[in-house]
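Student: Following this line is final10.csv, made up of CSV, C-alpha atoms:
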chain,number,residue,atom,x,y,z
I,2,MET,CA,-14.1,-5.6,29.2
I,3,SER,CA,-13.1,-7.7,26.2
I,4,PHE,CA,-12.3,-6.1,22.9
I,5,TYR,CA,-15.3,-8.0,21.5
I,6,GLN,CA,-17.6,-6.4,24.0
I,7,PHE,CA,-16.0,-3.0,23.4
I,8,CYS,CA,-16.9,-3.2,19.7
I,9,ILE,CA,-20.4,-4.3,20.4
I,10,ASP,CA,-21.0,-1.5,23.0
I,11,ASN,CA,-19.6,1.2,20.7
I,12,LYS,CA,-21.3,-0.1,17.6
I,13,ILE,CA,-18.0,-0.5,15.8
I,14,PRO,CA,-18.2,-2.9,12.8
I,15,PHE,CA,-15.8,-5.9,13.2
I,16,LYS,CA,-15.3,-9.5,12.2
I,17,LYS,CA,-13.6,-12.2,14.2
I,18,ASN,CA,-11.0,-14.5,12.6
I,19,GLU,CA,-11.2,-12.7,9.2
I,20,MET,CA,-8.9,-14.1,6.5
I,21,MET,CA,-6.4,-11.4,5.5
I,22,LYS,CA,-6.1,-12.9,2.0
I,23,ASN,CA,-9.5,-11.2,1.4
I,24,HIS,CA,-7.9,-7.8,2.1
I,25,THR,CA,-4.6,-7.8,0.3
I,26,SER,CA,-3.7,-7.5,-3.4
I,27,PHE,CA,-1.5,-10.6,-3.1
I,28,LYS,CA,-4.6,-12.6,-2.0
I,29,ILE,CA,-2.4,-14.2,0.7
I,30,GLY,CA,-2.7,-14.1,4.5
I,31,GLY,CA,-4.1,-16.1,7.4
I,32,LYS,CA,-6.7,-15.0,10.0
I,33,ALA,CA,-6.7,-11.7,11.9
I,34,ASP,CA,-8.1,-12.1,15.4
I,35,TYR,CA,-10.2,-9.0,14.8
I,36,PHE,CA,-10.8,-7.0,11.6
I,37,VAL,CA,-12.2,-3.6,12.6
I,38,GLU,CA,-13.6,-1.0,10.2
I,39,CYS,CA,-13.3,2.7,11.1
I,40,ASP,CA,-14.7,5.5,9.0
I,41,CYS,CA,-14.0,8.6,11.1
I,42,ALA,CA,-11.2,10.0,13.4
I,43,GLU,CA,-13.3,9.6,16.6
I,44,CYS,CA,-13.9,5.9,15.9
I,45,LEU,CA,-10.3,5.4,15.2
I,46,LYS,CA,-9.2,7.2,18.4
I,47,LYS,CA,-11.6,5.1,20.5
I,48,VAL,CA,-10.4,1.9,19.0
I,49,LEU,CA,-6.7,2.7,19.4
I,50,ALA,CA,-7.2,3.9,23.0
I,51,GLU,CA,-8.9,0.6,23.8
I,52,LEU,CA,-6.2,-1.5,22.1
I,53,LYS,CA,-3.4,0.3,23.9
I,54,ASN,CA,-5.3,0.0,27.2
I,55,SER,CA,-5.6,-3.7,26.7
I,56,LYS,CA,-2.1,-4.0,25.3
I,57,MET,CA,-3.4,-5.7,22.1
I,58,PRO,CA,-1.2,-5.4,19.0
I,59,TYR,CA,-2.7,-3.8,15.9
I,60,LEU,CA,-2.0,-3.1,12.3
I,61,VAL,CA,-3.5,-0.2,10.3
I,62,LEU,CA,-4.6,-1.2,6.8
I,63,GLY,CA,-5.4,0.7,3.6
I,64,LYS,CA,-5.9,-1.3,0.5
I,65,GLY,CA,-3.3,-4.0,1.4
I,66,SER,CA,-1.5,-3.5,-1.9
I,67,ASN,CA,2.0,-3.6,-0.6
I,68,LEU,CA,1.7,-6.2,2.1
I,69,LEU,CA,2.6,-9.9,2.5
I,70,VAL,CA,0.6,-11.2,5.4
I,71,SER,CA,2.0,-14.3,7.0
I,72,ASP,CA,0.1,-17.6,6.7
I,73,LYS,CA,-0.5,-17.5,10.5
I,74,GLY,CA,-2.3,-14.2,10.2
I,75,CYS,CA,-2.3,-11.2,12.5
I,76,ARG,CA,-2.7,-11.3,16.2
I,77,GLY,CA,-4.7,-8.6,17.9
I,78,ALA,CA,-6.6,-6.2,15.6
I,79,VAL,CA,-6.3,-5.1,11.9
I,80,ILE,CA,-7.9,-1.7,11.5
I,81,SER,CA,-9.2,-1.0,8.1
I,82,LEU,CA,-9.3,2.7,7.0
I,83,ALA,CA,-11.4,1.9,3.8
I,84,GLY,CA,-14.2,4.1,5.2
I,85,PHE,CA,-11.9,7.1,5.1
I,86,ASP,CA,-12.9,7.7,1.4
I,87,LYS,CA,-14.2,11.2,1.0
I,88,ILE,CA,-12.8,13.4,-1.8
I,89,THR,CA,-13.3,17.2,-1.9
I,90,VAL,CA,-12.1,19.5,-4.6
I,91,GLU,CA,-11.5,23.3,-4.2
I,92,ASN,CA,-9.9,25.3,-7.0
I,93,ASP,CA,-6.6,23.4,-7.7
I,94,GLU,CA,-6.5,21.5,-4.5
I,95,ILE,CA,-7.9,18.0,-3.7
I,96,VAL,CA,-8.3,16.5,-0.2
I,97,ALA,CA,-8.7,12.8,-0.2
I,98,GLY,CA,-9.3,10.4,2.6
I,99,ALA,CA,-6.5,7.9,3.4
I,100,GLY,CA,-8.6,4.9,2.6
I,101,GLU,CA,-9.6,6.1,-0.9
I,102,SER,CA,-8.1,4.4,-3.9
I,103,LEU,CA,-5.5,6.2,-5.9
I,104,ALA,CA,-7.5,5.4,-9.0
I,105,LYS,CA,-10.6,7.3,-7.8
I,106,LEU,CA,-8.3,10.2,-6.7
I,107,CYS,CA,-6.9,10.4,-10.3
I,108,VAL,CA,-10.4,10.3,-11.8
I,109,ALA,CA,-11.5,13.1,-9.5
I,110,ALA,CA,-8.5,15.2,-10.7
I,111,LEU,CA,-9.4,14.4,-14.4
I,112,GLU,CA,-13.0,15.3,-13.9
I,113,ASN,CA,-11.9,18.7,-12.5
I,114,SER,CA,-9.3,19.2,-15.3
I,115,LEU,CA,-6.4,19.1,-12.8
I,116,THR,CA,-3.0,17.9,-13.9
I,117,GLY,CA,-0.2,16.4,-11.8
I,118,LEU,CA,-1.5,13.0,-10.7
I,119,GLU,CA,-1.5,11.2,-14.1
I,120,PHE,CA,1.6,9.1,-13.1
I,121,ALA,CA,-0.4,7.6,-10.2
I,122,TYR,CA,-3.2,6.3,-12.4
I,123,GLY,CA,-3.0,2.5,-12.2
I,124,ILE,CA,-0.8,2.4,-9.1
I,125,PRO,CA,-2.8,0.0,-6.8
I,126,GLY,CA,-3.5,1.0,-3.3
I,127,SER,CA,-4.9,3.7,-1.1
I,128,VAL,CA,-4.1,7.4,-0.8
I,129,GLY,CA,-2.6,7.0,2.7
I,130,GLY,CA,-0.5,4.0,1.7
I,131,ALA,CA,0.8,5.9,-1.3
I,132,LEU,CA,2.0,8.8,0.9
I,133,TYR,CA,3.4,6.3,3.5
I,134,MET,CA,5.5,4.7,0.8
I,135,ASN,CA,6.0,7.9,-1.3
I,136,ALA,CA,4.7,5.9,-4.2
I,137,GLY,CA,5.7,6.8,-7.7
I,138,ALA,CA,5.9,5.8,-11.4
I,139,TYR,CA,6.9,7.1,-14.8
I,140,GLY,CA,9.1,9.9,-13.2
I,141,GLY,CA,6.4,11.1,-10.8
I,142,GLU,CA,6.0,10.5,-7.1
I,143,MET,CA,3.8,11.7,-4.3
I,144,SER,CA,6.3,14.2,-3.0
I,145,GLN,CA,5.7,16.3,-6.2
I,146,VAL,CA,2.0,16.8,-5.6
I,147,VAL,CA,1.4,16.5,-1.8
I,148,VAL,CA,0.8,19.8,0.1
I,149,SER,CA,0.0,18.4,3.6
I,150,ALA,CA,-1.7,15.6,5.5
I,151,THR,CA,-4.0,15.3,8.5
I,152,VAL,CA,-2.7,12.7,10.9
I,153,LEU,CA,-3.6,11.1,14.2
I,154,ASP,CA,-0.3,11.0,16.2
I,155,LYS,CA,0.8,8.4,18.6
I,156,ASP,CA,-0.6,10.4,21.5
I,157,GLY,CA,-4.1,10.5,20.0
I,158,ASN,CA,-3.9,14.1,18.8
I,159,ILE,CA,-5.0,15.2,15.3
I,160,ASN,CA,-2.4,17.4,13.6
I,161,GLU,CA,-1.7,18.7,10.1
I,162,ILE,CA,1.8,18.0,8.8
I,163,ASP,CA,3.3,19.9,5.9
I,164,LEU,CA,5.2,18.3,3.0
I,165,SER,CA,8.5,19.8,4.3
I,166,ASP,CA,8.2,17.7,7.5
I,167,MET,CA,7.3,14.4,5.9
I,168,GLU,CA,10.9,13.3,5.1
I,169,LEU,CA,9.7,11.8,1.8
I,170,GLY,CA,12.4,9.7,0.0
I,171,TYR,CA,12.5,6.7,-2.2
I,172,ARG,CA,9.7,4.5,-1.0
I,173,THR,CA,9.9,6.0,2.5
I,174,SER,CA,8.5,8.7,4.8
I,175,ILE,CA,8.5,9.9,8.4
I,176,PHE,CA,5.2,7.9,8.9
I,177,LYS,CA,7.2,4.7,8.9
I,178,THR,CA,8.9,5.7,12.1
I,179,ASN,CA,6.9,8.4,14.0
I,180,GLY,CA,3.8,6.3,14.8
I,181,SER,CA,1.3,8.7,13.1
I,182,ILE,CA,-1.7,7.4,11.1
I,183,ILE,CA,-2.5,9.3,8.0
I,184,LEU,CA,-6.2,10.3,7.9
I,185,SER,CA,-6.3,12.5,4.8
I,186,VAL,CA,-4.0,14.0,2.2
I,187,LYS,CA,-4.1,17.4,0.5
I,188,PHE,CA,-2.8,17.6,-3.1
I,189,GLY,CA,-1.8,20.8,-4.9
I,190,LEU,CA,-2.4,20.4,-8.7
I,191,LYS,CA,-2.6,22.7,-11.7
I,192,LYS,CA,-5.4,23.4,-14.2
I,193,GLY,CA,-4.9,21.6,-17.4
I,194,ASP,CA,-6.5,20.4,-20.5
I,195,LYS,CA,-9.0,17.6,-19.8
I,196,ALA,CA,-8.4,15.7,-23.0
I,197,GLU,CA,-4.6,15.9,-22.6
I,198,ILE,CA,-4.9,14.7,-19.0
I,199,LYS,CA,-7.0,11.7,-20.1
I,200,ALA,CA,-4.7,10.9,-22.9
I,201,GLN,CA,-1.7,10.8,-20.5
I,202,MET,CA,-3.6,8.6,-18.0
I,203,ASP,CA,-4.7,6.2,-20.7
I,204,ASP,CA,-1.2,6.0,-22.0
I,205,TYR,CA,0.2,5.1,-18.6
I,206,MET,CA,-2.5,2.5,-18.1
I,207,ASP,CA,-1.9,0.9,-21.5
I,208,ARG,CA,1.8,0.7,-20.6
I,209,ARG,CA,1.1,-1.0,-17.3
I,210,LYS,CA,-1.2,-3.5,-18.9
I,211,SER,CA,1.3,-4.4,-21.6
I,212,LYS,CA,4.3,-4.7,-19.4
I,213,GLN,CA,3.0,-5.8,-15.9
I,214,PRO,CA,1.3,-9.0,-14.9
I,215,LEU,CA,-1.9,-7.3,-13.8
I,216,GLU,CA,-3.9,-10.5,-14.4
I,217,PHE,CA,-2.3,-12.2,-11.3
I,218,PRO,CA,-2.4,-11.2,-7.7
I,219,SER,CA,0.8,-9.5,-6.5
I,220,ALA,CA,2.1,-6.6,-4.4
I,221,GLY,CA,3.4,-4.7,-7.3
I,222,SER,CA,7.1,-4.3,-7.5
I,223,THR,CA,8.6,-6.9,-5.2
I,224,PHE,CA,12.0,-5.2,-4.7
I,225,LYS,CA,13.2,-1.6,-4.4
I,226,ARG,CA,15.3,-0.2,-7.2
I,227,PRO,CA,19.0,-0.7,-6.2
I,228,VAL,CA,21.3,2.3,-6.7
I,229,GLY,CA,22.6,2.2,-10.3
I,230,HIS,CA,20.4,-0.8,-11.3
I,231,PHE,CA,16.9,-1.9,-12.0
I,232,ALA,CA,15.7,-4.9,-9.9
I,233,GLY,CA,13.7,-6.4,-12.8
I,234,ALA,CA,16.6,-6.2,-15.2
I,235,LEU,CA,19.0,-7.9,-12.8
I,236,ILE,CA,16.5,-10.7,-12.1
I,237,GLU,CA,15.9,-11.2,-15.9
I,238,LYS,CA,19.6,-11.1,-16.6
I,239,ASN,CA,19.9,-14.1,-14.3
I,240,ASN,CA,17.3,-16.1,-16.2
I,241,LEU,CA,14.9,-16.1,-13.2
I,242,LYS,CA,11.7,-15.3,-15.0
I,243,GLY,CA,9.3,-18.2,-14.4
I,244,LEU,CA,11.2,-19.5,-11.3
I,245,ARG,CA,8.6,-21.0,-9.0
I,246,VAL,CA,8.3,-22.0,-5.3
I,247,GLY,CA,5.0,-23.6,-4.6
I,248,GLY,CA,2.3,-21.3,-6.0
I,249,ALA,CA,4.6,-18.3,-6.2
I,250,MET,CA,6.4,-17.4,-9.4
I,251,VAL,CA,8.7,-14.7,-10.8
I,252,SER,CA,6.5,-13.2,-13.5
I,253,GLU,CA,7.3,-14.2,-17.1
I,254,LYS,CA,5.9,-10.9,-18.2
I,255,HIS,CA,8.0,-8.6,-15.8
I,256,ALA,CA,10.8,-10.0,-13.7
I,257,GLY,CA,10.3,-7.3,-11.1
I,258,PHE,CA,7.0,-8.9,-10.0
I,259,VAL,CA,6.6,-12.0,-7.8
I,260,ILE,CA,3.0,-13.2,-8.5
I,261,ASN,CA,0.5,-15.4,-6.8
I,262,TYR,CA,0.4,-17.8,-9.7
I,263,ASP,CA,-1.5,-20.7,-8.0
I,264,ASN,CA,-2.8,-20.3,-4.5
I,265,ALA,CA,0.6,-19.3,-3.1
I,266,THR,CA,1.3,-19.1,0.6
I,267,ALA,CA,3.3,-16.4,2.2
I,268,ASN,CA,6.1,-18.9,2.8
I,269,ASP,CA,6.2,-19.7,-0.9
I,270,VAL,CA,6.6,-16.0,-1.7
I,271,ARG,CA,9.3,-15.4,1.0
I,272,GLU,CA,11.3,-18.5,-0.1
I,273,LEU,CA,11.1,-17.4,-3.7
I,274,MET,CA,12.2,-13.9,-2.9
I,275,GLN,CA,15.2,-15.2,-0.9
I,276,LYS,CA,16.2,-17.4,-3.9
I,277,VAL,CA,16.1,-14.4,-6.2
I,278,LYS,CA,18.1,-12.3,-3.7
I,279,ASP,CA,20.7,-15.0,-3.3
I,280,VAL,CA,21.3,-15.4,-7.1
I,281,VAL,CA,21.5,-11.7,-7.8
I,282,LEU,CA,23.9,-11.2,-4.8
I,283,GLN,CA,26.1,-14.1,-5.9
I,284,ASN,CA,26.2,-13.2,-9.6
I,285,ASP,CA,26.1,-9.4,-9.5
I,286,GLY,CA,27.1,-8.4,-6.0
I,287,VAL,CA,23.9,-6.4,-5.6
I,288,GLU,CA,21.7,-6.9,-2.5
I,289,LEU,CA,18.0,-6.6,-3.4
I,290,GLU,CA,15.9,-5.0,-0.7
I,291,PRO,CA,12.2,-5.9,-0.5
I,292,GLU,CA,9.6,-3.2,-1.4
I,293,VAL,CA,6.9,-5.5,-0.1
I,294,ILE,CA,6.3,-5.1,3.7
I,295,PHE,CA,6.1,-8.3,5.7
I,296,VAL,CA,3.4,-8.3,8.5
I,297,GLY,CA,1.7,-10.9,10.7
I,298,GLU,CA,2.8,-13.7,13.1
I,299,GLU,CA,5.9,-15.5,12.1
Kindly transcribe the structure held in the file into structure tokens.

Tutor:
Amino acid sequence: MSFYQFCIDNKIPFKKNEMMKNHTSFKIGGKADYFVECDCAECLKKVLAELKNSKMPYLVLGKGSNLLVSDKGCRGAVISLAGFDKITVENDEIVAGAGESLAKLCVAALENSLTGLEFAYGIPGSVGGALYMNAGAYGGEMSQVVVSATVLDKDGNINEIDLSDMELGYRTSIFKTNGSIILSVKFGLKKGDKAEIKAQMDDYMDRRKSKQPLEFPSAGSTFKRPVGHFAGALIEKNNLKGLRVGGAMVSEKHAGFVINYDNATANDVRELMQKVKDVVLQNDGVELEPEVIFVGEE
């Protein structure tokens, strides 16, 4: 049976030859052979079993906020978890689906006068993606507020994994290597003053808007923070703000961001990133490591 027929027979929503630029914050990326939408664990298990059985490659997608998808697109299937978007609040704990946006998670915490997630307000992306990358800002990171996660492991079993087993580090986690897919995340927060929580969230958002090029598509911070340095400061020191390759540009507002300035291709971005890396390595002896994840057919 073809994967097309499998999706039809099982009433699984899908699109053929879907442009990935419609599903990434960079607004870049060629066609995915299949773009599949799952909204429950059983659907996801079925789809993964069929893909493995037919030896089709696949990519699991949240909000696509940290990805650079190649201009040739993705072979096989891209599985969107956007339908995993339920949020439940009980006392000082919140459970959020992996496909829910961080923004909505933070608003849910605010509405229930729960403090601890203020730092995440304005970080683009999904709850699952944030845990996968151990996202952070303004001195906070996911490791400080996560209690556990429900995952689908590589053998198709649903398990709960505690924070202590997640190996969360700077922009990394065990999920990068163990093949598990995050389905939902439990957060442990504290009761706080609603007005104070809102003021802190608004302050962080104002800072982002004033310092970051949010008016252009990007994948957020392009490079990881090198030990003892800040990537943006090194790039700015080398007068690379405004450097362009095709439609990609080092932001003039914040040197740590490569932006899609004018219909950039993935190759434009990669070439520009390499130029930046080369200059910083030559002049400062520091090797910048991408925070952006490259996916798709080369």

Student: Can you tell me how far atom CA of I:Ala42 sits from atom CA of I:Gly63, in Å to one decimal?

Tutor: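 So the answer is 14.7 Å.
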
Student: Using all atoms listed in the file, which residues sit within 10 Å of stretch 142-154 of chain I once same-chain residues fewer than 5 positions away are excluded, as JSON, numbers by chain?

Tutor: {"I": [42, 45, 46, 94, 95, 96, 97, 98, 99, 116, 117, 118, 120, 121, 128, 129, 131, 132, 133, 134, 135, 136, 137, 159, 160, 161, 162, 163, 164, 165, 166, 167, 168, 169, 170, 171, 172, 174, 176, 179, 180, 181, 182, 183, 184, 185, 186, 187, 188, 189, 190, 191]}

Student: Dump as a PDB file with C-alpha atoms, keeping the file's coordinate frame all residues having an atom at most 9 Å from (-10.1, 9.9, -6.6), computed in the file's coordinates with all atoms listed in the file.

Tutor:
ATOM      1  CA  ASP I  86     -12.900   7.700   1.400  1.00  0.00           C
ATOM      2  CA  LYS I  87     -14.200  11.200   1.000  1.00  0.00           C
ATOM      3  CA  ILE I  88     -12.800  13.400  -1.800  1.00  0.00           C
ATOM      4  CA  ILE I  95      -7.900  18.000  -3.700  1.00  0.00           C
ATOM      5  CA  ALA I  97      -8.700  12.800  -0.200  1.00  0.00           C
ATOM      6  CA  GLU I 101      -9.600   6.100  -0.900  1.00  0.00           C
ATOM      7  CA  SER I 102      -8.100   4.400  -3.900  1.00  0.00           C
ATOM      8  CA  LEU I 103      -5.500   6.200  -5.900  1.00  0.00           C
ATOM      9  CA  ALA I 104      -7.500   5.400  -9.000  1.00  0.00           C
ATOM     10  CA  LYS I 105     -10.600   7.300  -7.800  1.00  0.00           C
ATOM     11  CA  LEU I 106      -8.300  10.200  -6.700  1.00  0.00           C
ATOM     12  CA  CYS I 107      -6.900  10.400 -10.300  1.00  0.00           C
ATOM     13  CA  VAL I 108     -10.400  10.300 -11.800  1.00  0.00           C
ATOM     14  CA  ALA I 109     -11.500  13.100  -9.500  1.00  0.00           C
ATOM     15  CA  ALA I 110      -8.500  15.200 -10.700  1.00  0.00           C
ATOM     16  CA  VAL I 128      -4.100   7.400  -0.800  1.00  0.00           C
TER      17      VAL I 128
END

Student: Just checking: using all atoms listed in the file, which residue out of I:Ala33, I:Leu62, I:Val90, I:Ala83 ends up closest to I:Asn113?

Tutor: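 Of I:Ala33, I:Leu62, I:Val90, I:Ala83, the one nearest I:Asn113 is I:Val90, counting all atoms listed in the file.
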
Student: Which residues come within 12 Å of I:Glu216, counting all atoms listed in the file, excluding same-chain residues fewer than 2 positions away, as an MDAnalysis selection string?

Tutor: chainID I and resid 26:27 209:214 218:219 221 252 254 258 260:262

Student: With all atoms listed in the file as the basis for distance, which of I:Asp263, I:Glu290, I:Glu299, I:Asp10 is at the shortest distance from I:Phe231?

Tutor: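 Using all atoms listed in the file, I:Phe231 sits closest to I:Glu290.
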
Student: Just to confirm, what's the straight-line distance from atom CA of I:Asp194 to atom CA of I:Gly126 in Å (one decimal)?

Tutor: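 Atom CA of I:Gly126 lies 26.1 Å from atom CA of I:Asp194.
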
Student: Pick from I:Cys8, I:Ile294, I:Thr266, I:Leu49: nearest to I:Asp156, with all atoms listed in the file counted?

Tutor: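 That would be I:Leu49, the residue with the smallest distance to I:Asp156.
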
Student: Residues within 6 Å of (-14.9, 6.3, 6.4), file coordinates, counting only C-alpha atoms: what are they? Give the list as an MDAnalysis selection string.

Tutor: chainID I and resid 40:41 84:86

Student: Would you mind reading off the distance between atom CA of I:Gly100 and atom CA of I:Leu69, one decimal, in Å?

Tutor: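 Computed distance, atom CA of I:Gly100 to atom CA of I:Leu69, equals 18.6 Å.
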
Student: Of the candidates I:Glu288, I:Asp93, I:Glu19, I:Glu38, which shows the shortest atom-to-atom distance to I:Lys276, using all atoms listed in the file?

Tutor: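 Looking at the shortest contact to I:Lys276, the residue is I:Glu288.
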
Student: Rank I:Asn54, I:Asn268, I:Asn284, I:Asn92 by their smallest atom-to-atom distance to I:Val70, using all atoms listed in the file, and report the top residue only.

Tutor: I:Asn268

Student: When distances are computed from all atoms listed in the file, which of I:His230, I:Lys192, I:Gly123, I:Val281 shows the smallest separation from I:Asp204?

Tutor: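 Closest to I:Asp204 of all the choices is I:Gly123.
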
Student: Where does stretch 11-119 of chain I meet stretch 196-201 of chain I within 8 Å, residue by residue, with the nearest atom pair and distance in Å to one decimal for each, counting all atoms listed in the file, listed by chain and rising number, as a tab-separated table?

Tutor:
residue	atom	partner	partner_atom	distance
I:Leu111	CA	I:Ile198	CA	6.4
I:Ser114	CA	I:Ile198	CA	7.3
I:Leu115	CA	I:Ile198	CA	7.7
I:Thr116	CA	I:Ile198	CA	6.3
I:Glu119	CA	I:Gln201	CA	6.4

Student: Based on the selection just made, write C-alpha atoms of those residues as a PDB file, in the coordinates of the input.

Tutor:
ATOM      1  CA  LEU I 111      -9.400  14.400 -14.400  1.00  0.00           C
ATOM      2  CA  SER I 114      -9.300  19.200 -15.300  1.00  0.00           C
ATOM      3  CA  LEU I 115      -6.400  19.100 -12.800  1.00  0.00           C
ATOM      4  CA  THR I 116      -3.000  17.900 -13.900  1.00  0.00           C
ATOM      5  CA  GLU I 119      -1.500  11.200 -14.100  1.00  0.00           C
TER       6      GLU I 119
END

Student: I want to know what sits within 12 Å of I:Gly233, based on only C-alpha atoms, with residues of the same chain fewer than 6 positions away left out; could you give that as a PyMOL selection string?

Tutor: chain I and resi 212-213+221-227+239-242+251-259+277-278+281+289

Student: Is there a way to complete stretch 140-158 of chain I with N, CA and C atoms and then write that out as an mmCIF file, in the coordinates of the input?

Tutor:
data_model
loop_
_atom_site.group_PDB
_atom_site.id
_atom_site.type_symbol
_atom_site.label_atom_id
_atom_site.label_comp_id
_atom_site.auth_asym_id
_atom_site.auth_seq_id
_atom_site.Cartn_x
_atom_site.Cartn_y
_atom_site.Cartn_z
ATOM 1 N N GLY I 140 8.411 8.631 -13.532
ATOM 2 C CA GLY I 140 9.100 9.900 -13.200
ATOM 3 C C GLY I 140 8.314 10.793 -12.261
ATOM 4 N N GLY I 141 7.148 10.357 -11.816
ATOM 5 C CA GLY I 141 6.400 11.100 -10.800
ATOM 6 C C GLY I 141 6.359 10.418 -9.501
ATOM 7 N N GLU I 142 6.169 11.158 -8.422
ATOM 8 C CA GLU I 142 6.000 10.500 -7.100
ATOM 9 C C GLU I 142 5.162 11.473 -6.226
ATOM 10 N N MET I 143 4.677 10.937 -5.118
ATOM 11 C CA MET I 143 3.800 11.700 -4.300
ATOM 12 C C MET I 143 4.366 12.999 -3.767
ATOM 13 N N SER I 144 5.664 13.005 -3.543
ATOM 14 C CA SER I 144 6.300 14.200 -3.000
ATOM 15 C C SER I 144 6.160 15.412 -3.929
ATOM 16 N N GLN I 145 5.862 15.171 -5.204
ATOM 17 C CA GLN I 145 5.700 16.300 -6.200
ATOM 18 C C GLN I 145 4.347 16.918 -6.138
ATOM 19 N N VAL I 146 3.372 16.258 -5.533
ATOM 20 C CA VAL I 146 2.000 16.800 -5.600
ATOM 21 C C VAL I 146 1.334 16.948 -4.222
ATOM 22 N N VAL I 147 1.952 16.431 -3.168
ATOM 23 C CA VAL I 147 1.400 16.500 -1.800
ATOM 24 C C VAL I 147 1.676 17.906 -1.222
ATOM 25 N N VAL I 148 0.675 18.489 -0.565
ATOM 26 C CA VAL I 148 0.800 19.800 0.100
ATOM 27 C C VAL I 148 0.962 19.515 1.646
ATOM 28 N N SER I 149 0.038 18.698 2.178
ATOM 29 C CA SER I 149 0.000 18.400 3.600
ATOM 30 C C SER I 149 -0.832 17.186 3.870
ATOM 31 N N ALA I 150 -0.832 16.742 5.115
ATOM 32 C CA ALA I 150 -1.700 15.600 5.500
ATOM 33 C C ALA I 150 -2.213 15.821 6.902
ATOM 34 N N THR I 151 -3.422 15.336 7.123
ATOM 35 C CA THR I 151 -4.000 15.300 8.500
ATOM 36 C C THR I 151 -3.712 13.951 9.064
ATOM 37 N N VAL I 152 -3.130 13.945 10.270
ATOM 38 C CA VAL I 152 -2.700 12.700 10.900
ATOM 39 C C VAL I 152 -3.204 12.576 12.314
ATOM 40 N N LEU I 153 -3.299 11.344 12.768
ATOM 41 C CA LEU I 153 -3.600 11.100 14.200
ATOM 42 C C LEU I 153 -2.218 10.604 14.755
ATOM 43 N N ASP I 154 -1.640 11.401 15.668
ATOM 44 C CA ASP I 154 -0.300 11.000 16.200
ATOM 45 C C ASP I 154 -0.387 9.970 17.226
ATOM 46 N N LYS I 155 0.776 9.502 17.653
ATOM 47 C CA LYS I 155 0.800 8.400 18.600
ATOM 48 C C LYS I 155 0.222 8.665 19.937
ATOM 49 N N ASP I 156 0.037 9.967 20.239
ATOM 50 C CA ASP I 156 -0.600 10.400 21.500
ATOM 51 C C ASP I 156 -2.065 10.614 21.400
ATOM 52 N N GLY I 157 -2.619 10.361 20.194
ATOM 53 C CA GLY I 157 -4.100 10.500 20.000
ATOM 54 C C GLY I 157 -4.493 11.909 19.613
ATOM 55 N N ASN I 158 -3.554 12.762 19.208
ATOM 56 C CA ASN I 158 -3.900 14.100 18.800
ATOM 57 C C ASN I 158 -3.972 14.187 17.251
#
